[in-house]
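Remarks on the structure that follows.
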Amino acid sequence: MSKAQVVSRDSEARIDKMLQPFYEFVKIESSGGLVLIMATIVALIWANSPWGHLYEAFKNMPLTVGAGKFVLSKPAILWINDGLMAVFFFLVGLEIKREILVGELNSFRQASLPIFAAVGGMIVPALVYAFFNMGTPSADGWGIPMATDIAFSLGVLSMLGDRVPLSLKVFLTAVAIVDDIGAILVIAIFYSSGISLWIIGLGMLFFMCMIVLNRIGVRHPLPYLFFGCLMWLAFLKSGVHATVAGVLAAMTIPASTRICCTDFLVSMRNHLMEYEIGGDKNKVTLSNKQMLSALGDMNRDVLMASPPLKRIEHNLHYWVAFGIMPIFALANAGIKLTGEGGGLDVFHPVSFGIFFGLIVGKVIGICFASWIAVKSGIAEMPKTLVPGHFVGASLLAGIGFTMSIFITTLAWDASSPYIVDAKFSILAASVVAGTLGYIVLRNCPVILGCKK
């Protein structure tokens with residue numbers, strides 16, 4: 001093997017190591033998307049089966065937390081949408097903070113393309129919805145087609161394997177994260193009601209306490225959990241949606257390490273030497289105090305060298321992908337297609353606005369905004385991407401599912417006749433968008449000239 005080949009392999013190994021966290025992120029999101037699909041199918045079958053009344057009973061089952069005068073009692077569906085989804089938004093906040101600090105949103109030049117694409121992919125779908133619903137009682141649902149479900153989108157991309165370049169996965173992930181930022185702002189500003197300023201002030205006081213914890217170097221998660229729960233409760237009672245508290249809490253989680261690289265290496269070498277010396281005396285670790293002490297010291301140093309933000313994000317991903325999101329889908333995707341009040345109306349303006357907003361609006365918004373960013377010189381076109389890739393990616397961004405359904409629950413009351421139409425349109429548009437996106441990207445070299 002030549003020297004050039006050795007250098008090339010070393011470079012590839014270093015690049016793969018640098019991208020390993022991204023690969024792991026995509027893998028979790030992709031497999032989590034499959035679990036979401038199964039939960040959705042179960043919810044649809046259950047809600048329309050002879051046992052549909054049990055599904056409604058499950059959603060409306062009262063759950064009470066607390067004792068005495070300090071009691072919080074809500075039906076299960078609200079605990080899921082206000083409580084568990086706050087954890088989901090906390091994870092989204094951690095991802096946003098990481099991307100801003102060290103990821104694709106680290107600099108304006110680097111972030112400009114996904115930012116422009118995401119903004120276009122939010123504005124145009126909202127305008128499409130407004131076109132069908134302007135001046136009607138259903139106009140409040142304009143925020144529904146703005147959202148992108150990153151789990152499903154990356155799940156479809158993972159099915160394509162090496163047919164799509166890694167830069168496209170990075171681009172779509174960045175677009176989805178910027179999209180999440182937009183969705184959070186929309187929820188906080190437009191889908192909050194009956195706002196109590198003094199309770200918001202109390203919530204912000206707890207937020208400031210968490211910032212102080214960060215500044216004085218507190219790294220244990222329990223103090224952040226304590227004040228985070230208090231902030232969530234304050235926001236829950238303030239009129240601002242409680243999930244916003246999850247994002248704010250994420251912004252306070254430390255992203256730095258307590259020990260530098262050089263000190264960490266020196267300390268670990270000393271601990272390893274101590275461990276080796278202890279092993280020479282007695283190789284049974286369980287009864288060797290010196291070896292156990294060295295292991296404890298190494299574990300402490302590893303925690304000090306590991307940013308809490310990354311550690312919490314990594315551990316939380318599994319719970320969200322395989323626990324919280326399937327529960328959310330199970331509780332919210334069960335659409336009763338027939339029943340009192342006429343059931344589903346696929347020709348209602350709500351249905352048209354959401355369906356065409358996600359399918360047509362996303363494609364026009366993302367592609368046109370990306371074209372403007374590149375042509376104006378604000379952003380650079382990634383070398384491995386061509387226009388056809390953007391068409392496929394924008395179709396996948398039309399998979400709204402989780403965030404779209406969540407905004408639906410905020411736009412109207414649970415008894416609203418628009419809920420069924422909206423949820424069905426979201427599911428239908430997500431299926432069509434995912435299928436078309438897969439077909440376009442799989443056959444990209446043939447039908448859209450993606451091959452340079």
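In the structure tokens, each chain is lettered A, B, ... as it comes, each chain's residues begin at 1, and ligands are numbered from 1 in order of appearance.
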Can you pull out every residue within 6 Å of segment 46-63 of chain A, counting only C-alpha atoms, but drop anything in the same chain fewer than 6 positions away, and send it as JSON, numbers by chain?
-> {"A": [73, 74, 75, 76, 77, 334, 336]}
Identify, on the basis of only C-alpha atoms, every residue whose closest approach to Ile426 of chain A does not exceed 9 Å; exclude the query and any residue fewer than 3 positions from it along the same chain; express the result as an MDAnalysis selection string.
-> chainID A and resid 144:145 351 354:355 358 399:401 404:405 421:423 429:431
Atomic separation - atom CA of Pro114 of chain A relative to atom CA of Leu172 of chain A, Å | 7.7 Å
Tell me which protein, DNA and RNA residues are within 12 Å of Gly353 of chain A, counting only C-alpha atoms, leaving out same-chain ones fewer than 5 positions away, and put them as a ChimeraX atom specification.
-> /A:124-134,138-146,346-348,358-361,418,421-422,425-426,429
Serialized selection, N, CA and C atoms, as a short mmCIF file (atom, residue, chain, number, x, y, z; two decimals), in the first residue's frame:
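Final output, saved to result.cif:
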data_model
loop_
_atom_site.label_atom_id
_atom_site.label_comp_id
_atom_site.auth_asym_id
_atom_site.auth_seq_id
_atom_site.Cartn_x
_atom_site.Cartn_y
_atom_site.Cartn_z
N VAL A 124 -44.42 29.77 2.79
CA VAL A 124 -45.27 29.41 1.65
C VAL A 124 -46.38 28.44 2.05
N PRO A 125 -46.12 27.37 2.83
CA PRO A 125 -47.24 26.50 3.25
C PRO A 125 -48.31 27.25 4.04
N ALA A 126 -47.89 28.21 4.89
CA ALA A 126 -48.86 29.00 5.64
C ALA A 126 -49.71 29.84 4.70
N LEU A 127 -49.09 30.38 3.64
CA LEU A 127 -49.84 31.16 2.65
C LEU A 127 -50.80 30.28 1.86
N VAL A 128 -50.36 29.07 1.53
CA VAL A 128 -51.24 28.13 0.82
C VAL A 128 -52.47 27.82 1.67
N TYR A 129 -52.25 27.57 2.96
CA TYR A 129 -53.38 27.29 3.85
C TYR A 129 -54.30 28.51 3.92
N ALA A 130 -53.71 29.70 4.04
CA ALA A 130 -54.50 30.93 4.13
C ALA A 130 -55.32 31.14 2.85
N PHE A 131 -54.79 30.74 1.71
CA PHE A 131 -55.51 30.88 0.44
C PHE A 131 -56.83 30.13 0.48
N PHE A 132 -56.83 28.93 1.07
CA PHE A 132 -58.05 28.12 1.13
C PHE A 132 -58.97 28.51 2.29
N ASN A 133 -58.43 29.13 3.34
CA ASN A 133 -59.21 29.32 4.56
C ASN A 133 -59.36 30.78 5.00
N MET A 134 -58.85 31.70 4.23
CA MET A 134 -58.90 33.11 4.61
C MET A 134 -60.34 33.55 4.87
N SER A 138 -61.94 28.51 10.24
CA SER A 138 -60.81 27.57 10.30
C SER A 138 -59.47 28.23 10.00
N ALA A 139 -59.46 29.56 9.87
CA ALA A 139 -58.23 30.26 9.49
C ALA A 139 -57.12 30.11 10.52
N ASP A 140 -57.47 29.79 11.77
CA ASP A 140 -56.45 29.69 12.82
C ASP A 140 -55.47 28.54 12.61
N GLY A 141 -55.75 27.65 11.69
CA GLY A 141 -54.88 26.50 11.48
C GLY A 141 -53.72 26.75 10.54
N TRP A 142 -53.42 28.01 10.26
CA TRP A 142 -52.37 28.34 9.28
C TRP A 142 -51.00 27.80 9.67
N GLY A 143 -50.75 27.57 10.96
CA GLY A 143 -49.44 27.08 11.40
C GLY A 143 -49.24 25.59 11.21
N ILE A 144 -50.32 24.87 10.92
CA ILE A 144 -50.22 23.40 10.84
C ILE A 144 -49.29 22.90 9.73
N PRO A 145 -49.42 23.40 8.49
CA PRO A 145 -48.55 22.86 7.42
C PRO A 145 -47.13 23.41 7.42
N MET A 146 -46.77 24.24 8.40
CA MET A 146 -45.43 24.81 8.45
C MET A 146 -44.39 23.80 8.94
N VAL A 346 -63.00 15.28 3.29
CA VAL A 346 -61.71 15.49 2.61
C VAL A 346 -61.73 16.68 1.67
N PHE A 347 -62.91 17.25 1.42
CA PHE A 347 -63.01 18.40 0.52
C PHE A 347 -63.19 19.72 1.28
N HIS A 348 -62.99 19.67 2.57
CA HIS A 348 -63.10 20.88 3.38
C HIS A 348 -61.87 21.77 3.14
N LEU A 358 -48.51 21.22 2.71
CA LEU A 358 -47.38 20.33 2.98
C LEU A 358 -46.76 19.78 1.69
N ILE A 359 -47.57 19.48 0.71
CA ILE A 359 -47.04 18.87 -0.53
C ILE A 359 -46.48 19.93 -1.48
N VAL A 360 -47.29 20.92 -1.81
CA VAL A 360 -46.90 21.93 -2.80
C VAL A 360 -46.14 23.08 -2.15
N GLY A 361 -46.68 23.56 -1.01
CA GLY A 361 -46.08 24.72 -0.36
C GLY A 361 -44.64 24.47 0.08
N TYR A 418 -62.98 20.61 12.98
CA TYR A 418 -61.84 20.65 12.07
C TYR A 418 -60.74 19.66 12.45
N ASP A 421 -60.57 16.45 10.17
CA ASP A 421 -60.11 16.81 8.81
C ASP A 421 -58.62 17.14 8.81
N ALA A 422 -58.18 17.89 9.82
CA ALA A 422 -56.78 18.30 9.89
C ALA A 422 -55.86 17.10 10.07
N SER A 425 -55.70 14.92 6.95
CA SER A 425 -54.91 15.57 5.89
C SER A 425 -53.43 15.51 6.19
N ILE A 426 -53.06 15.66 7.48
CA ILE A 426 -51.66 15.56 7.86
C ILE A 426 -51.11 14.17 7.55
N ALA A 429 -51.03 13.69 3.66
CA ALA A 429 -49.96 14.47 3.05
C ALA A 429 -48.60 13.90 3.40
#
Contacts of Leu101 of chain A within 12 Å, only C-alpha atoms, excl. fewer than 3 positions in-chain, as number ranges by chain | A: 94-98, 104-108, 111, 251, 254-256, 309-310
Compile the contact shell of segment 438-444 of chain A as a count of residues only: residues with an atom at most 12 Å away, counting only C-alpha atoms, same-chain residues fewer than 2 positions apart removed.
-> 44
DSSP on the backbone, then: every residue of segment 118-327 of chain A marked helix (DSSP H, G or I), written as a ChimeraX atom specification.
-> /A:118-133,137-146,150-163,166-190,197-215,221-238,243-251,261-281,285-287,289-305,308-327
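When only C-alpha atoms are used to measure the gap to Asp345 of chain A, the shortest distance among A:Phe424, A:Gly203, A:Met403, A:Thr409 belongs to A:Phe424.
Among the candidates A:Ala305, A:Ile372, A:Ala379, A:Leu113, the one nearest to Cys261 of chain A when counting only C-alpha atoms is A:Ala305.
If you count only C-alpha atoms and ignore residues fewer than 3 places along the chain from Glu276 of chain A, what sits within 12 Å of it is A:Arg269, A:Asn270, A:His271, A:Leu272, A:Met273, A:Gly279, A:Asp280, A:Lys281, A:Asn282, A:Lys283, A:Thr285, A:Asn288, A:Gln290, A:Met291, A:Leu292, A:Ser293, A:Ala294, A:Leu295.
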Output for the residues just chosen: C-alpha atoms as a short mmCIF file (atom, residue, chain, number, x, y, z; two decimals), in the first residue's frame:
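Result file follows (result.cif):
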data_model
loop_
_atom_site.label_atom_id
_atom_site.label_comp_id
_atom_site.auth_asym_id
_atom_site.auth_seq_id
_atom_site.Cartn_x
_atom_site.Cartn_y
_atom_site.Cartn_z
CA ARG A 269 -2.72 7.85 32.42
CA ASN A 270 -2.10 8.13 36.17
CA HIS A 271 -5.30 6.29 36.97
CA LEU A 272 -4.50 3.55 34.45
CA MET A 273 -1.06 3.15 36.01
CA GLY A 279 -3.88 -5.61 39.18
CA ASP A 280 -0.35 -6.93 39.72
CA LYS A 281 -1.17 -7.49 43.40
CA ASN A 282 -4.63 -9.01 42.99
CA LYS A 283 -6.42 -9.53 39.68
CA THR A 285 -11.32 -6.49 40.71
CA ASN A 288 -9.14 -4.99 44.94
CA GLN A 290 -6.88 0.04 44.55
CA MET A 291 -8.38 -1.06 41.21
CA LEU A 292 -11.88 -0.02 42.27
CA SER A 293 -10.58 3.36 43.40
CA ALA A 294 -8.83 3.87 40.06
CA LEU A 295 -12.00 2.95 38.17
#
Could you tell me, as a VMD selection string, which residues of segment 24-186 of chain A DSSP assigns to strand (DSSP E) when given the backbone?
-> chain A and resid 62 to 67 70 to 75
Generate the output file for the selected residues, N, CA and C atoms, as an mmCIF file, in the first residue's frame.
data_model
loop_
_atom_site.group_PDB
_atom_site.id
_atom_site.type_symbol
_atom_site.label_atom_id
_atom_site.label_comp_id
_atom_site.auth_asym_id
_atom_site.auth_seq_id
_atom_site.Cartn_x
_atom_site.Cartn_y
_atom_site.Cartn_z
ATOM 1 N N PRO A 62 -58.483 10.410 33.810
ATOM 2 C CA PRO A 62 -57.921 11.454 34.678
ATOM 3 C C PRO A 62 -56.691 10.957 35.429
ATOM 4 N N LEU A 63 -55.657 11.782 35.442
ATOM 5 C CA LEU A 63 -54.424 11.477 36.174
ATOM 6 C C LEU A 63 -54.130 12.639 37.110
ATOM 7 N N THR A 64 -53.873 12.336 38.374
ATOM 8 C CA THR A 64 -53.662 13.359 39.388
ATOM 9 C C THR A 64 -52.283 13.213 40.014
ATOM 10 N N VAL A 65 -51.581 14.336 40.137
ATOM 11 C CA VAL A 65 -50.265 14.367 40.772
ATOM 12 C C VAL A 65 -50.312 15.385 41.905
ATOM 13 N N GLY A 66 -49.758 15.028 43.055
ATOM 14 C CA GLY A 66 -49.709 15.937 44.187
ATOM 15 C C GLY A 66 -50.508 15.415 45.362
ATOM 16 N N ALA A 67 -50.629 16.253 46.376
ATOM 17 C CA ALA A 67 -51.359 15.869 47.578
ATOM 18 C C ALA A 67 -51.876 17.116 48.262
ATOM 19 N N PHE A 70 -52.024 21.013 47.000
ATOM 20 C CA PHE A 70 -51.129 21.098 45.837
ATOM 21 C C PHE A 70 -51.378 19.897 44.928
ATOM 22 N N VAL A 71 -52.418 20.000 44.133
ATOM 23 C CA VAL A 71 -52.834 18.897 43.266
ATOM 24 C C VAL A 71 -52.965 19.413 41.843
ATOM 25 N N LEU A 72 -52.441 18.641 40.885
ATOM 26 C CA LEU A 72 -52.589 18.941 39.463
ATOM 27 C C LEU A 72 -53.275 17.745 38.815
ATOM 28 N N SER A 73 -54.498 17.963 38.362
ATOM 29 C CA SER A 73 -55.284 16.871 37.790
ATOM 30 C C SER A 73 -55.666 17.216 36.355
ATOM 31 N N LYS A 74 -55.324 16.319 35.426
ATOM 32 C CA LYS A 74 -55.610 16.531 34.010
ATOM 33 C C LYS A 74 -55.906 15.186 33.351
ATOM 34 N N PRO A 75 -56.656 15.175 32.238
ATOM 35 C CA PRO A 75 -56.819 13.928 31.485
ATOM 36 C C PRO A 75 -55.498 13.507 30.846
#
Considering only C-alpha atoms, state which residue in the set A:Ile189, A:Val178, A:Met304, A:Ala183 is at the smallest distance from Ser267 of chain A.
-> A:Met304
